[in-house]
>>> print(open('structure.cif').read())   # mmCIF, C-alpha atoms
data_work
#
loop_
_atom_site.label_atom_id
_atom_site.label_comp_id
_atom_site.auth_asym_id
_atom_site.auth_seq_id
_atom_site.Cartn_x
_atom_site.Cartn_y
_atom_site.Cartn_z
CA MET A 1 50.22 -8.62 58.44
CA LYS A 2 52.69 -8.14 61.30
CA PHE A 3 52.23 -8.98 64.99
CA CYS A 4 53.40 -7.30 68.17
CA PRO A 5 56.37 -9.15 69.73
CA SER A 6 55.26 -7.89 73.18
CA CYS A 7 51.58 -8.90 73.23
CA GLY A 8 50.87 -10.84 70.00
CA ALA A 9 48.17 -8.44 68.69
CA GLY A 10 48.15 -7.35 65.05
CA VAL A 11 50.13 -4.16 64.42
CA ALA A 12 49.65 -1.31 61.95
CA SER A 13 52.36 0.68 60.19
CA ARG A 14 51.97 4.38 60.99
CA VAL A 15 53.87 7.43 62.22
CA PRO A 16 53.82 7.55 66.06
CA PRO A 17 53.17 10.94 67.78
CA GLY A 18 56.34 13.05 67.80
CA ASP A 19 58.03 10.80 65.24
CA SER A 20 58.66 11.43 61.55
CA LEU A 21 58.77 7.92 60.05
CA PRO A 22 56.24 5.06 59.89
CA ARG A 23 56.78 2.30 62.48
CA HIS A 24 55.05 -0.93 63.40
CA VAL A 25 52.82 0.36 66.24
CA CYS A 26 50.72 -1.90 68.49
CA ASP A 27 47.31 -0.39 69.33
CA ALA A 28 46.74 -3.05 72.00
CA CYS A 29 49.81 -2.45 74.20
CA GLY A 30 51.54 0.61 72.70
CA HIS A 31 54.75 -1.22 71.77
CA ILE A 32 56.64 0.39 68.88
CA HIS A 33 58.86 -1.96 66.90
CA TYR A 34 61.80 0.03 65.52
CA GLN A 35 63.85 -1.41 62.68
CA ASN A 36 67.42 -0.19 62.35
CA PRO A 37 70.48 -1.02 60.25
CA LYS A 38 72.59 -3.98 61.28
CA LEU A 39 76.36 -3.92 61.77
CA VAL A 40 78.45 -6.45 59.86
CA LEU A 41 81.95 -6.86 61.33
CA GLY A 42 84.90 -8.49 59.66
CA SER A 43 88.69 -8.64 59.52
CA ILE A 44 91.49 -8.43 56.95
CA PRO A 45 93.88 -11.12 58.24
CA GLU A 46 97.42 -10.75 56.88
CA TRP A 47 100.29 -13.25 56.81
CA GLU A 48 103.57 -12.07 55.25
CA GLY A 49 101.82 -9.78 52.76
CA ARG A 50 99.11 -12.26 51.81
CA LEU A 51 95.46 -11.91 52.88
CA LEU A 52 93.14 -14.64 54.10
CA LEU A 53 89.87 -15.14 52.20
CA CYS A 54 86.99 -17.60 52.70
CA ARG A 55 84.91 -19.22 49.94
CA ARG A 56 81.28 -19.11 51.04
CA ALA A 57 79.39 -22.34 51.78
CA ILE A 58 76.08 -20.47 52.27
CA GLU A 59 73.79 -18.12 50.39
CA PRO A 60 73.87 -15.34 49.46
CA ARG A 61 76.84 -15.64 47.11
CA TYR A 62 77.52 -19.36 47.62
CA GLY A 63 80.95 -20.26 46.16
CA TYR A 64 82.24 -16.66 46.07
CA TRP A 65 85.19 -15.37 48.08
CA THR A 66 84.91 -13.02 51.04
CA LEU A 67 86.81 -11.65 53.99
CA PRO A 68 85.60 -13.31 57.20
CA ALA A 69 82.64 -11.22 58.44
CA GLY A 70 79.17 -11.47 59.90
CA PHE A 71 76.49 -9.80 61.98
CA MET A 72 77.63 -8.20 65.22
CA GLU A 73 75.77 -9.67 68.21
CA ASN A 74 74.39 -8.02 71.33
CA ASP A 75 76.77 -7.89 74.32
CA GLU A 76 79.95 -7.63 72.22
CA THR A 77 82.24 -4.88 70.92
CA THR A 78 83.10 -4.33 67.25
CA ALA A 79 86.57 -5.80 67.86
CA GLU A 80 85.13 -8.88 69.58
CA ALA A 81 82.68 -9.39 66.71
CA ALA A 82 85.45 -9.16 64.09
CA ALA A 83 87.61 -11.69 65.95
CA ARG A 84 84.68 -14.05 66.60
CA GLU A 85 83.58 -14.10 62.95
CA THR A 86 87.16 -14.73 61.83
CA LEU A 87 87.40 -17.71 64.18
CA GLU A 88 83.97 -19.06 63.19
CA GLU A 89 84.34 -18.77 59.42
CA ALA A 90 88.06 -19.39 58.95
CA GLY A 91 89.16 -21.11 62.17
CA ALA A 92 91.75 -18.32 62.27
CA ARG A 93 93.22 -16.65 65.33
CA ILE A 94 94.18 -13.02 64.80
CA GLU A 95 95.56 -9.95 66.51
CA LEU A 96 93.46 -6.93 65.58
CA GLN A 97 95.29 -3.80 64.39
CA GLY A 98 92.49 -1.23 64.29
CA PRO A 99 89.48 -0.34 62.14
CA PHE A 100 90.24 0.08 58.43
CA SER A 101 86.97 0.55 56.53
CA MET A 102 83.39 1.57 57.33
CA ILE A 103 80.94 1.28 54.45
CA SER A 104 77.22 2.10 54.48
CA VAL A 105 75.02 -0.19 52.39
CA PRO A 106 71.62 1.49 52.83
CA TYR A 107 69.81 -0.63 50.20
CA VAL A 108 70.17 -3.66 52.51
CA ASN A 109 70.18 -1.64 55.77
CA GLN A 110 73.68 -2.71 56.72
CA GLU A 111 76.88 -1.04 57.90
CA HIS A 112 80.08 -3.00 57.13
CA VAL A 113 83.19 -2.43 59.26
CA PHE A 114 86.52 -4.22 58.68
CA TYR A 115 89.53 -4.34 60.98
CA ARG A 116 93.12 -4.84 59.89
CA ALA A 117 94.54 -7.93 61.55
CA ARG A 118 97.66 -10.07 61.85
CA LEU A 119 97.17 -13.82 61.48
CA LEU A 120 98.78 -15.51 64.51
CA ASP A 121 99.51 -18.89 62.90
CA LEU A 122 98.68 -21.01 59.84
CA GLU A 123 96.30 -23.36 61.68
CA PHE A 124 93.21 -21.93 59.92
CA LYS A 125 90.55 -24.20 58.43
CA PRO A 126 87.06 -23.62 57.01
CA GLY A 127 84.15 -23.34 59.47
CA VAL A 128 80.65 -24.59 58.61
CA GLU A 129 79.89 -21.45 56.57
CA SER A 130 83.03 -21.76 54.40
CA LEU A 131 84.00 -24.21 51.63
CA GLU A 132 87.69 -23.35 51.81
CA VAL A 133 90.05 -20.78 53.30
CA ALA A 134 93.26 -19.62 51.65
CA LEU A 135 95.92 -16.90 51.61
CA PHE A 136 96.23 -14.69 48.52
CA GLU A 137 98.92 -12.32 47.36
CA GLU A 138 97.60 -9.26 45.48
CA ALA A 139 98.14 -10.73 41.99
CA ARG A 140 96.23 -13.91 42.90
CA VAL A 141 93.12 -12.35 44.49
CA PRO A 142 90.04 -13.74 42.66
CA TRP A 143 88.67 -10.27 41.89
CA LYS A 144 85.88 -11.55 39.63
CA ASP A 145 84.68 -13.97 42.29
CA ILE A 146 84.50 -11.63 45.29
CA ALA A 147 81.17 -12.07 47.09
CA PHE A 148 80.38 -8.49 48.15
CA ARG A 149 81.23 -4.97 46.93
CA THR A 150 82.24 -3.90 50.45
CA VAL A 151 84.83 -6.71 50.51
CA GLY A 152 86.21 -5.78 47.08
CA LEU A 153 86.47 -2.10 48.07
CA THR A 154 88.17 -2.96 51.35
CA LEU A 155 90.72 -5.19 49.61
CA LYS A 156 91.47 -2.49 47.00
CA HIS A 157 92.01 0.12 49.74
CA TRP A 158 94.25 -2.27 51.68
CA PHE A 159 96.57 -3.00 48.74
CA ALA A 160 96.63 0.69 47.72
CA ASP A 161 97.48 1.79 51.27
CA ARG A 162 100.22 -0.82 51.54
CA LYS A 163 101.73 0.45 48.31
CA GLY A 164 101.52 4.01 49.67
CA GLY A 165 103.29 2.97 52.84
CA ALA A 166 100.56 3.87 55.36
CA PHE A 167 97.19 2.41 56.30
CA GLY A 168 94.36 4.95 56.69
CA PHE A 169 90.71 4.69 57.65
CA HIS A 170 88.23 4.56 54.77
CA ALA A 171 84.59 5.60 55.10
CA GLU A 172 82.26 5.48 52.14
CA ASP A 173 78.75 4.69 50.94
CA LEU A 174 77.39 2.24 48.41
CA LYS A 175 74.21 3.38 46.69
CA MET B 1 56.41 -14.16 77.17
CA LYS B 2 57.34 -13.00 73.69
CA PHE B 3 55.36 -13.33 70.46
CA CYS B 4 56.36 -13.96 66.87
CA PRO B 5 56.22 -10.75 64.76
CA SER B 6 55.51 -12.87 61.68
CA CYS B 7 52.58 -15.06 62.85
CA GLY B 8 51.64 -13.94 66.40
CA ALA B 9 52.33 -17.31 68.07
CA GLY B 10 54.23 -17.48 71.37
CA VAL B 11 57.98 -17.89 70.91
CA ALA B 12 60.61 -19.69 72.98
CA SER B 13 64.21 -18.64 73.56
CA ARG B 14 66.58 -21.38 72.42
CA VAL B 15 69.63 -22.02 70.24
CA PRO B 16 68.54 -22.71 66.62
CA PRO B 17 70.24 -25.59 64.71
CA GLY B 18 73.67 -24.51 63.47
CA ASP B 19 73.68 -21.44 65.68
CA SER B 20 75.63 -20.81 68.91
CA LEU B 21 73.45 -18.30 70.78
CA PRO B 22 69.85 -18.40 72.09
CA ARG B 23 67.29 -16.62 69.86
CA HIS B 24 63.56 -16.05 69.96
CA VAL B 25 62.44 -18.94 67.76
CA CYS B 26 58.84 -19.46 66.57
CA ASP B 27 57.81 -23.13 66.57
CA ALA B 28 54.64 -22.28 64.60
CA CYS B 29 56.23 -20.61 61.52
CA GLY B 30 60.01 -21.03 62.01
CA HIS B 31 60.72 -17.29 62.17
CA ILE B 32 63.90 -16.44 64.12
CA HIS B 33 63.95 -12.99 65.68
CA TYR B 34 67.56 -11.79 65.83
CA GLN B 35 68.46 -8.90 68.09
CA ASN B 36 71.55 -6.90 67.18
CA PRO B 37 73.31 -3.75 68.39
CA LYS B 38 72.00 -0.40 67.21
CA LEU B 39 74.06 2.35 65.63
CA VAL B 40 73.91 5.82 67.17
CA LEU B 41 75.20 8.54 64.81
CA GLY B 42 76.15 12.05 65.74
CA SER B 43 78.28 15.04 64.79
CA ILE B 44 80.82 17.40 66.37
CA PRO B 45 79.79 20.73 64.82
CA GLU B 46 82.51 23.38 65.01
CA TRP B 47 82.31 27.15 64.58
CA GLU B 48 85.55 29.11 64.92
CA GLY B 49 87.02 26.69 67.45
CA ARG B 50 83.84 26.33 69.50
CA LEU B 51 81.68 23.19 69.53
CA LEU B 52 77.90 22.98 69.46
CA LEU B 53 76.20 21.10 72.29
CA CYS B 54 72.51 20.40 73.01
CA ARG B 55 70.88 20.23 76.44
CA ARG B 56 68.55 17.25 76.48
CA ALA B 57 64.78 17.75 76.81
CA ILE B 58 64.14 13.99 77.06
CA GLU B 59 65.15 11.02 79.16
CA PRO B 60 67.59 9.46 79.62
CA ARG B 61 69.79 12.24 81.00
CA TYR B 62 67.20 15.04 80.86
CA GLY B 63 68.92 18.41 81.34
CA TYR B 64 72.42 17.14 80.56
CA TRP B 65 74.52 18.26 77.58
CA THR B 66 75.27 16.14 74.53
CA LEU B 67 76.54 16.30 71.00
CA PRO B 68 73.63 15.99 68.55
CA ALA B 69 73.14 12.24 67.96
CA GLY B 70 70.50 9.54 67.63
CA PHE B 71 69.60 6.15 66.23
CA MET B 72 70.53 5.54 62.59
CA GLU B 73 67.45 4.63 60.53
CA ASN B 74 66.99 2.09 57.78
CA ASP B 75 67.59 3.42 54.23
CA GLU B 76 70.24 5.95 55.23
CA THR B 77 74.03 6.14 55.39
CA THR B 78 76.04 6.96 58.51
CA ALA B 79 76.75 10.45 57.13
CA GLU B 80 73.07 11.06 56.37
CA ALA B 81 72.11 9.91 59.87
CA ALA B 82 74.66 12.25 61.50
CA ALA B 83 73.44 15.24 59.46
CA ARG B 84 69.74 14.41 60.05
CA GLU B 85 70.15 14.12 63.82
CA THR B 86 72.08 17.42 63.92
CA LEU B 87 69.26 19.15 62.06
CA GLU B 88 66.54 17.53 64.20
CA GLU B 89 68.09 18.16 67.61
CA ALA B 90 69.93 21.44 67.04
CA GLY B 91 68.31 22.92 63.92
CA ALA B 92 71.89 23.11 62.67
CA ARG B 93 73.11 22.74 59.10
CA ILE B 94 76.56 21.22 58.80
CA GLU B 95 79.20 20.10 56.34
CA LEU B 96 80.56 16.72 57.40
CA GLN B 97 84.34 16.29 57.54
CA GLY B 98 84.69 12.56 58.11
CA PRO B 99 84.27 10.01 60.91
CA PHE B 100 86.12 10.83 64.13
CA SER B 101 85.15 8.32 66.82
CA MET B 102 83.61 4.83 66.97
CA ILE B 103 82.82 3.57 70.46
CA SER B 104 81.28 0.21 71.40
CA VAL B 105 78.88 0.29 74.34
CA PRO B 106 78.07 -3.42 74.71
CA TYR B 107 76.18 -3.09 78.01
CA VAL B 108 73.42 -1.21 76.17
CA ASN B 109 73.98 -2.95 72.79
CA GLN B 110 74.92 0.27 71.02
CA GLU B 111 77.68 1.47 68.72
CA HIS B 112 78.28 5.25 68.78
CA VAL B 113 79.88 6.97 65.77
CA PHE B 114 80.62 10.71 65.60
CA TYR B 115 81.60 12.76 62.54
CA ARG B 116 83.63 15.94 62.60
CA ALA B 117 81.62 18.75 61.04
CA ARG B 118 81.71 22.43 60.14
CA LEU B 119 78.70 24.49 61.18
CA LEU B 120 77.45 26.35 58.08
CA ASP B 121 75.76 29.28 59.86
CA LEU B 122 74.58 30.43 63.30
CA GLU B 123 70.88 29.85 62.61
CA PHE B 124 70.71 26.85 64.97
CA LYS B 125 67.86 26.47 67.49
CA PRO B 126 66.69 23.64 69.78
CA GLY B 127 64.51 20.89 68.28
CA VAL B 128 61.77 19.17 70.30
CA GLU B 129 64.32 16.90 72.02
CA SER B 130 66.55 19.79 73.18
CA LEU B 131 66.07 22.48 75.85
CA GLU B 132 68.81 24.70 74.46
CA VAL B 133 71.68 24.66 71.99
CA ALA B 134 74.91 26.60 72.43
CA LEU B 135 78.53 26.90 71.30
CA PHE B 136 81.31 26.18 73.82
CA GLU B 137 85.01 26.87 73.78
CA GLU B 138 87.11 24.20 75.51
CA ALA B 139 87.36 26.03 78.85
CA ARG B 140 83.57 26.46 79.01
CA VAL B 141 82.46 22.90 78.20
CA PRO B 142 80.16 21.70 81.04
CA TRP B 143 82.24 18.56 81.68
CA LYS B 144 80.32 17.57 84.83
CA ASP B 145 77.01 17.82 83.01
CA ILE B 146 77.80 15.76 79.89
CA ALA B 147 74.99 13.25 79.23
CA PHE B 148 76.94 10.23 77.96
CA ARG B 149 80.46 8.84 78.36
CA THR B 150 80.82 8.43 74.58
CA VAL B 151 80.18 12.16 74.17
CA GLY B 152 82.69 13.10 76.88
CA LEU B 153 85.35 10.84 75.34
CA THR B 154 84.70 12.19 71.86
CA LEU B 155 84.99 15.80 73.07
CA LYS B 156 88.26 15.04 74.92
CA HIS B 157 89.74 13.39 71.81
CA TRP B 158 88.66 16.34 69.66
CA PHE B 159 90.31 18.98 71.85
CA ALA B 160 93.46 16.83 72.28
CA ASP B 161 93.74 16.27 68.52
CA ARG B 162 93.26 19.97 67.82
CA LYS B 163 96.05 20.78 70.26
CA GLY B 164 98.23 18.15 68.54
CA GLY B 165 97.56 19.72 65.14
CA ALA B 166 95.89 16.70 63.44
CA PHE B 167 92.56 14.95 63.76
CA GLY B 168 92.72 11.12 63.86
CA PHE B 169 90.14 8.37 64.07
CA HIS B 170 89.44 6.99 67.54
CA ALA B 171 88.03 3.51 68.16
CA GLU B 172 87.46 2.22 71.65
CA ASP B 173 85.18 0.24 73.92
CA LEU B 174 83.27 1.12 77.07
CA LYS B 175 82.81 -1.75 79.48
#
>>> encode(input="structure.cif", output="structure tokens")
Amino acid sequence: MKFCPSCGAGVASRVPPGDSLPRHVCDACGHIHYQNPKLVLGSIPEWEGRLLLCRRAIEPRYGYWTLPAGFMENDETTAEAAARETLEEAGARIELQGPFSMISVPYVNQEHVFYRARLLDLEFKPGVESLEVALFEEARVPWKDIAFRTVGLTLKHWFADRKGGAFGFHAEDLK
Amino acid sequence: MKFCPSCGAGVASRVPPGDSLPRHVCDACGHIHYQNPKLVLGSIPEWEGRLLLCRRAIEPRYGYWTLPAGFMENDETTAEAAARETLEEAGARIELQGPFSMISVPYVNQEHVFYRARLLDLEFKPGVESLEVALFEEARVPWKDIAFRTVGLTLKHWFADRKGGAFGFHAEDLK
């Protein structure tokens, strides 16, 4: 059973007039509660060829390594969200260098976007959602302990592009 | 007054423990209702150098011209959303050619993403949300009657890139 966030009445799941998908529709006040994918924004902070990763202090994937990333909030831009998450999770200040990857993850209704970034100093330290934060050169990346497929793909693209001499923009889907 | 979608109790807006922003928090069941930006996906369908635009049959911006676009749904990828909206609004079948623009619109909590696309045939026709659908060469684009700033910016980038001989990826913010 679901309830209407506007009036508190019970809501049914059905296709509204003129629509093509079932929604939570309130028969009491007419409110339709749409559910849409969420944006996850992150960064790829670099310092002299090494990349900054965070070891997660929260579920899902407690103890696994990730790029700093999290849900984009209302009232912010994608760039602001990427910088905010990097500060919150890694205590790291960065200069953003442009979007690098955009990966659809429809089975969890998420869209992951990562920005390339330059770490501004070495004053980083783990935030409350991280156990530790460290810089990794390519050969030392803990590939078997990466938390999310979107992070692993983004790291692989980054190292491949660096080898190729030019950073592109990578869009793909996980299914 | 807002109500909890999980249990129907009244909810207060406050900062949950460990969080930094106010949320709608339910004291009865503990449910936290997060509100995040929505993704709007669209395409830039091309046919022999002309671009397909739709004249809107709905508010906001009734009667103004737009690229086919709309809210991304759960369970789909960005590419699927762009193709679906193009079919729904313009009856147009397309082959996607990759993401072209990503524009944050924080004052309405939206992220707009447009894909370049090749129109597969001329069988397009307006869907229920469009008054008419037509192809425009650059000199004939109704610039003063474009519905949204993200659409105008995307069209300007497209024609500029074509003139320059290469299509890039354009990320920016509207404030």
>>> closest_atom_pairs(input="structure.cif", of="chain A", to="chain B", cutoff="6 Å", atoms="only C-alpha atoms", output="tab-separated table")
residue	atom	partner	partner_atom	distance
A:Lys2	CA	B:Ser6	CA	5.5
A:Phe3	CA	B:Pro5	CA	4.4
A:Cys4	CA	B:Pro5	CA	5.6
A:Pro5	CA	B:Phe3	CA	4.4
A:Ser6	CA	B:Lys2	CA	5.5
A:Gly8	CA	B:Gly8	CA	4.8
A:Asn36	CA	B:Asn74	CA	5.1
A:Pro37	CA	B:Asn74	CA	5.3
A:Glu73	CA	B:Asn36	CA	5.2
A:Asn74	CA	B:Asn36	CA	5.2
A:Asp75	CA	B:Pro106	CA	4.7
A:Glu76	CA	B:Pro106	CA	5.2
A:Thr77	CA	B:Ser104	CA	5.2
A:Ser104	CA	B:Thr77	CA	5.2
A:Pro106	CA	B:Asp75	CA	4.7
A:Asn109	CA	B:Asn74	CA	5.3
>>> residues_around(input="structure.cif", residues="Glu132 of chain B", least_positions_apart="2", cutoff="8 Å", atoms="only C-alpha atoms", output="list in words")
Cys54, Arg55, Arg56, Lys125, Pro126, Ser130 and Ala134 of chain B
>>> residues_around(input="structure.cif", residues="Ala69 of chain B", least_positions_apart="4", cutoff="10 Å", atoms="all atoms listed in the file", output="ChimeraX atom specification")
/B:40-44,54,81-90,112-114,151
>>> resolve_selection(input="structure.cif", expression="the PyMOL selection byres ((chain A and resi 139-143) around 12)", output="PyMOL selection string")
chain A and resi 49-55+63-67+134-138+144-149+151-156+159
